[in-house]
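A short worksheet on the structure shown next.
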Amino acid sequence: MAAPDELFCWEGDWGLPSVSTDCLVVLAYAQFAGAPLKLRKICNPWRSPSGSLPALRTNQKKTLSRPSDIIIHLRKQKYNADYDLSAKEGADSLAFISLLEEKLIPALIYTFWIEPKNYVDVTRRWYAEHMMFPLNFFLPGRMQSRQLEKLRLLRGDENLEAGEELEKELYQDAAECMNLLSQRLGSQKFFFGDSPSSLDAYVFGHLAPILKCKLPNGKLQQHLKSLDNLTDFCSNILLLYFPRDGRENSGEKTSPQPDAADFDNVPNKRRKQFLSAVFAFAAMLSYALLTGMVSIQHAHQEALEEPPDPEHIGPHDHEEEGDG
Amino acid sequence: MSLAAEAFVSQMAAAEPWPENATLYQPLKDDQILLSDHASSLAVQAYLRMCGLPVQVVCRANAEYMSPSGKIPFIHVGNQVVSELGPIVQFTKAKGHTLSDSLDDVQRAEMKAYMELVYNMLLTAELYVQWCDDATAAEISRPRYSSPYSWPLGKILAYQKQLEVRRKMNAIGWGGKSLEQVYEDVSQCCQALSQRLGTQPYFFNKQATELDALVFGHLFTILTTRLTSTELAERVKSYSNLLSFCRRIEQTYFEDKGS
């Protein structure tokens, strides 16, 4: 038997097998199609064979990066979740995946990477905490500028900035997209009958992060939660195909909570402040001594020499007055 | 368009009926206009003809710069200017002309999804073939784009546009695709459209909708535009029901044009 292909993807959190949409799409499809993949969950995109995540390294040492390419590769290996679809259903899949890409992805990029509070409090913190030194200093920032450029190119507006109007537009498009998906899903378990297909993988990959991640500005999540059939759809897939991830991550969630209240989240803050003050004082003192602004030895010698003079004259006066 | 502007335009639109002197602006037809722009313009023209709304087509060299969103085409109706098919459909809806009223919710969802399919795959493929394929860009796209301007302005603008489109392709993940893969994607898209159309005269029952206008605009333009290679047109021609669909719409709505 040939060795299974290796899939490099981002680590998971908040009850999800991975935090990145593209990784979730590939993972979900692999589960639906029953493809045996060797999973490598990492937090360092530089260690992946293509420099970005997700990345699939095949037996023939070829590297694939786009989710659509990975799915096509798995299909060629006879791991096909769309086998039972009719031609019309296949056409509908393609159409709804395009709908997701055009209407939902801009809002996803905005809510995770551009919206200031979400980015600083959740996204950047998560990536900085999970990446190793020294990547955690510059890589989240670089990822953010790439996402901002992608959003600018998608919208065709070079001077796009975070703002309320942009947010409203993007969220309105996303809400419409979610409504359309909800109407198409109806009361079915999956989009096409009883077994999931690639469209289910794409929808799950895009909606699951919105559903599970607790963001300060959670308007998308609110709208998604109001659509019961989509919420049940995501929870169902998590329960059936990713049971371990759901249980593992819910235990860890309690520990970060107390730290969240800490304003700066810097460990040993007092000790660091004290040490910095001591270091600064020592530096100033040594500078003063070395340049001669303060000279300790000279002051002592002068103090020893001067007082004896008045003492020496004093008793002479007494004796002269006493005699005369 | 921002939400507030949209609401304002809808309100103003509802106030007046469609005037006789509505105009549609596009770049110069013979020398300047490119495949993707011509497709979008034809789609809007088809849609307006399907609604029975009269519009004059005016060609201007600076149409792209006149447009409020920078995209072709745009229409000038009364004292309002609206660009791109999506906002134009909403604009005509505010004036009381709509083609998709008789659709139910699921059908409307499918219509919107298929329109996004055309934008996502066909339009992107057209842009790729025009600007990211070196042969086509050098022989056709850059000369045509720079034709109204004198040297060196034309050259600078053409290269600027090419750079912008290439950056967009990289951002959406099409930068790494080869031309062959792009043609495959076009085939897949046409197959999906062909499946959806089946043997019906239009995509939804017997009535034309904006989806029909959009598909017609893109497919007809691909079929009738001369590029460096005929591969793109060949891929579309292999689906006979799409060919007869284009012919039918041309005969029904454009018969006086006689192109």
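Quick note on naming: the chains in the structure tokens go A, B, ... in the order shown, residues restart at 1 in each chain, and ligands are numbered from 1 in order of appearance.
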| query | Any idea what's packed within 10 Å of Ile70 of chain A, counting only C-alpha atoms, ignoring anything in its chain fewer than 3 positions away? Could you give it as a PyMOL selection string? | reply | chain A and resi 7+26+29-30+54-58+63-67+73-76
What would the file look like if the residues just selected were written as a PDB file, in the first residue's frame with C-alpha atoms?
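As written to disk, again_29.pdb reads:
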ATOM      1  CA  LEU A   7      -1.691  17.243   5.020  1.00  0.00           C
ATOM      2  CA  VAL A  26      -9.994  20.112   3.080  1.00  0.00           C
ATOM      3  CA  TYR A  29     -13.869  16.725   2.487  1.00  0.00           C
ATOM      4  CA  ALA A  30     -11.257  14.165   3.499  1.00  0.00           C
ATOM      5  CA  PRO A  54      -3.131  24.146   4.014  1.00  0.00           C
ATOM      6  CA  ALA A  55      -0.647  22.139   1.985  1.00  0.00           C
ATOM      7  CA  LEU A  56      -0.858  18.563   0.766  1.00  0.00           C
ATOM      8  CA  ARG A  57       2.333  16.650   0.113  1.00  0.00           C
ATOM      9  CA  THR A  58       1.519  13.714  -2.149  1.00  0.00           C
ATOM     10  CA  THR A  63       2.799  19.925  -3.239  1.00  0.00           C
ATOM     11  CA  LEU A  64      -0.735  21.268  -3.642  1.00  0.00           C
ATOM     12  CA  SER A  65      -1.986  24.364  -1.895  1.00  0.00           C
ATOM     13  CA  ARG A  66      -5.396  25.428  -3.182  1.00  0.00           C
ATOM     14  CA  PRO A  67      -8.361  23.597  -1.583  1.00  0.00           C
ATOM     15  CA  HIS A  73      -6.357  15.268  -6.389  1.00  0.00           C
ATOM     16  CA  LEU A  74      -8.326  13.258  -3.818  1.00  0.00           C
ATOM     17  CA  ARG A  75     -11.029  12.626  -6.400  1.00  0.00           C
ATOM     18  CA  LYS A  76      -8.437  11.240  -8.813  1.00  0.00           C
TER      19      LYS A  76
END
_Should the cut-off be 9 Å, what would the residue list for chain A against chain B look like, counting only C-alpha atoms, as a ChimeraX atom specification?_
/A:66,87-88,90-92,94-103,146-147,149-151,153-154,156,165-166,168-169,177,179-181,183-184
For Leu243 of chain B, find every residue with an atom within 10 Å (counting only C-alpha atoms), except residues of its own chain fewer than 2 positions away, and show them as a PyMOL selection string. chain B and resi 194+216+219-220+223+236-241+245-248
request  = From a DSSP pass on the backbone, collect the residues of segment 32-203 of chain A flagged as helix (DSSP H, G or I) and hand them back as a ChimeraX atom specification.
outcome  = /A:32-33,45-47,67-76,87-114,116-130,135-155,164-185,198-203
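Shortest separation to Pro27 of chain B among B:Ala43, B:Ile140, B:Cys51, B:Met66 occurs at residue B:Met66, atoms counted being only C-alpha atoms.
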re atom CA of Trp10 of chain A and atom CA of Leu199 of chain A: distance 21.4 Å
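Taking only C-alpha atoms into account, Asp245 of chain A lies nearest to A:Ser18 out of the set A:Gly34, A:Val122, A:Ser18, A:Ala3.
Across the structure, atom CA of Ile75 of chain B and atom CA of Gly154 of chain B are spaced 25.8 Å apart.
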Among B:Leu24, B:Ala14, B:Ala46, B:Ala138, Ala94 of chain B is approached most closely, using only C-alpha atoms, by B:Ala14
Open item on the list: Give me, as a PyMOL selection string, all polymer residues having an atom no more than 12 Å from segment 144-146 of chain B, counting only C-alpha atoms and skipping those fewer than 3 positions away in the same chain.
Closed with: chain B and resi 27-35+37+61-62+64+130-131+136-141+149-162
In Å and to one decimal, atom CA of Ala33 of chain A is distant from atom CA of Asp82 of chain A by 8.5 Å
task: Within 9 Å of Phe32 of chain A, counting only C-alpha atoms, which residues show up once you throw out same-chain ones fewer than 6 positions away? Write them as a ChimeraX atom specification, please.
output: /A:79-81,195-198,201,241
Keeping only all heavy atoms, write the selected residues to a file as an mmCIF file, in the first residue's frame.
data_model
loop_
_atom_site.group_PDB
_atom_site.id
_atom_site.type_symbol
_atom_site.label_atom_id
_atom_site.label_comp_id
_atom_site.auth_asym_id
_atom_site.auth_seq_id
_atom_site.Cartn_x
_atom_site.Cartn_y
_atom_site.Cartn_z
ATOM 1 N N TYR A 79 -11.169 8.973 -4.006
ATOM 2 C CA TYR A 79 -11.864 9.373 -2.784
ATOM 3 C C TYR A 79 -12.813 10.497 -3.175
ATOM 4 O O TYR A 79 -12.454 11.662 -3.128
ATOM 5 C CB TYR A 79 -10.879 9.845 -1.718
ATOM 6 C CG TYR A 79 -9.942 8.751 -1.286
ATOM 7 C CD1 TYR A 79 -8.589 8.826 -1.561
ATOM 8 C CD2 TYR A 79 -10.426 7.631 -0.624
ATOM 9 C CE1 TYR A 79 -7.736 7.814 -1.179
ATOM 10 C CE2 TYR A 79 -9.580 6.621 -0.244
ATOM 11 C CZ TYR A 79 -8.234 6.711 -0.523
ATOM 12 O OH TYR A 79 -7.382 5.718 -0.138
ATOM 13 N N ASN A 80 -13.991 10.105 -3.621
ATOM 14 C CA ASN A 80 -14.894 11.063 -4.222
ATOM 15 C C ASN A 80 -16.182 11.156 -3.419
ATOM 16 O O ASN A 80 -16.951 10.218 -3.360
ATOM 17 C CB ASN A 80 -15.193 10.615 -5.657
ATOM 18 C CG ASN A 80 -15.929 11.677 -6.431
ATOM 19 O OD1 ASN A 80 -16.236 12.734 -5.912
ATOM 20 N ND2 ASN A 80 -16.203 11.389 -7.690
ATOM 21 N N ALA A 81 -16.408 12.312 -2.783
ATOM 22 C CA ALA A 81 -17.645 12.463 -2.014
ATOM 23 C C ALA A 81 -18.803 12.877 -2.901
ATOM 24 O O ALA A 81 -19.937 12.932 -2.443
ATOM 25 C CB ALA A 81 -17.450 13.497 -0.909
ATOM 26 N N SER A 195 -26.038 12.029 2.256
ATOM 27 C CA SER A 195 -24.589 11.939 2.472
ATOM 28 C C SER A 195 -23.950 13.236 2.029
ATOM 29 O O SER A 195 -24.400 13.868 1.060
ATOM 30 C CB SER A 195 -24.010 10.757 1.710
ATOM 31 O OG SER A 195 -24.213 10.938 0.350
ATOM 32 N N PRO A 196 -22.914 13.663 2.759
ATOM 33 C CA PRO A 196 -22.349 14.971 2.468
ATOM 34 C C PRO A 196 -21.484 14.955 1.215
ATOM 35 O O PRO A 196 -20.918 13.948 0.836
ATOM 36 C CB PRO A 196 -21.491 15.261 3.706
ATOM 37 C CG PRO A 196 -21.140 13.928 4.238
ATOM 38 C CD PRO A 196 -22.245 12.996 3.893
ATOM 39 N N SER A 197 -21.378 16.138 0.600
ATOM 40 C CA SER A 197 -20.609 16.262 -0.635
ATOM 41 C C SER A 197 -19.636 17.426 -0.496
ATOM 42 O O SER A 197 -19.493 17.990 0.577
ATOM 43 C CB SER A 197 -21.552 16.522 -1.801
ATOM 44 O OG SER A 197 -22.200 17.744 -1.581
ATOM 45 N N SER A 198 -18.981 17.792 -1.595
ATOM 46 C CA SER A 198 -17.985 18.858 -1.513
ATOM 47 C C SER A 198 -18.632 20.198 -1.155
ATOM 48 O O SER A 198 -18.031 21.007 -0.454
ATOM 49 C CB SER A 198 -17.203 18.975 -2.817
ATOM 50 O OG SER A 198 -18.096 19.100 -3.886
ATOM 51 N N ALA A 201 -18.747 20.449 2.439
ATOM 52 C CA ALA A 201 -17.426 20.743 3.000
ATOM 53 C C ALA A 201 -17.127 22.243 2.931
ATOM 54 O O ALA A 201 -16.664 22.851 3.898
ATOM 55 C CB ALA A 201 -16.342 19.952 2.255
ATOM 56 N N TYR A 241 -18.270 13.943 12.426
ATOM 57 C CA TYR A 241 -16.983 13.723 11.769
ATOM 58 C C TYR A 241 -15.786 14.225 12.552
ATOM 59 O O TYR A 241 -14.667 13.819 12.266
ATOM 60 C CB TYR A 241 -17.000 14.384 10.378
ATOM 61 C CG TYR A 241 -17.977 13.732 9.446
ATOM 62 C CD1 TYR A 241 -19.260 14.239 9.279
ATOM 63 C CD2 TYR A 241 -17.638 12.574 8.754
ATOM 64 C CE1 TYR A 241 -20.163 13.626 8.446
ATOM 65 C CE2 TYR A 241 -18.545 11.958 7.917
ATOM 66 C CZ TYR A 241 -19.808 12.488 7.763
ATOM 67 O OH TYR A 241 -20.709 11.869 6.933
#
Give me the residues within 7 Å of Leu170 of chain A as a PDB file with N, CA and C atoms, in the first residue's frame, counting only C-alpha atoms and dropping any in the same chain fewer than 3 places off.
ATOM      1  N   PRO A 106     -15.368  37.966   1.554  1.00  0.00           N
ATOM      2  CA  PRO A 106     -14.980  39.324   1.975  1.00  0.00           C
ATOM      3  C   PRO A 106     -15.401  39.643   3.406  1.00  0.00           C
ATOM      4  N   ALA A 107     -16.619  39.212   3.784  1.00  0.00           N
ATOM      5  CA  ALA A 107     -17.072  39.489   5.149  1.00  0.00           C
ATOM      6  C   ALA A 107     -16.241  38.716   6.166  1.00  0.00           C
ATOM      7  N   LEU A 166     -18.368  50.257   5.334  1.00  0.00           N
ATOM      8  CA  LEU A 166     -17.851  49.056   4.678  1.00  0.00           C
ATOM      9  C   LEU A 166     -18.357  47.827   5.395  1.00  0.00           C
ATOM     10  N   GLU A 167     -18.332  47.907   6.743  1.00  0.00           N
ATOM     11  CA  GLU A 167     -18.770  46.766   7.534  1.00  0.00           C
ATOM     12  C   GLU A 167     -20.222  46.430   7.224  1.00  0.00           C
ATOM     13  N   ASP A 173     -24.133  41.695   2.493  1.00  0.00           N
ATOM     14  CA  ASP A 173     -23.910  40.661   1.477  1.00  0.00           C
ATOM     15  C   ASP A 173     -23.818  39.283   2.115  1.00  0.00           C
ATOM     16  N   ALA A 174     -23.062  39.207   3.237  1.00  0.00           N
ATOM     17  CA  ALA A 174     -22.883  37.918   3.893  1.00  0.00           C
ATOM     18  C   ALA A 174     -24.201  37.389   4.433  1.00  0.00           C
TER      19      ALA A 174
END
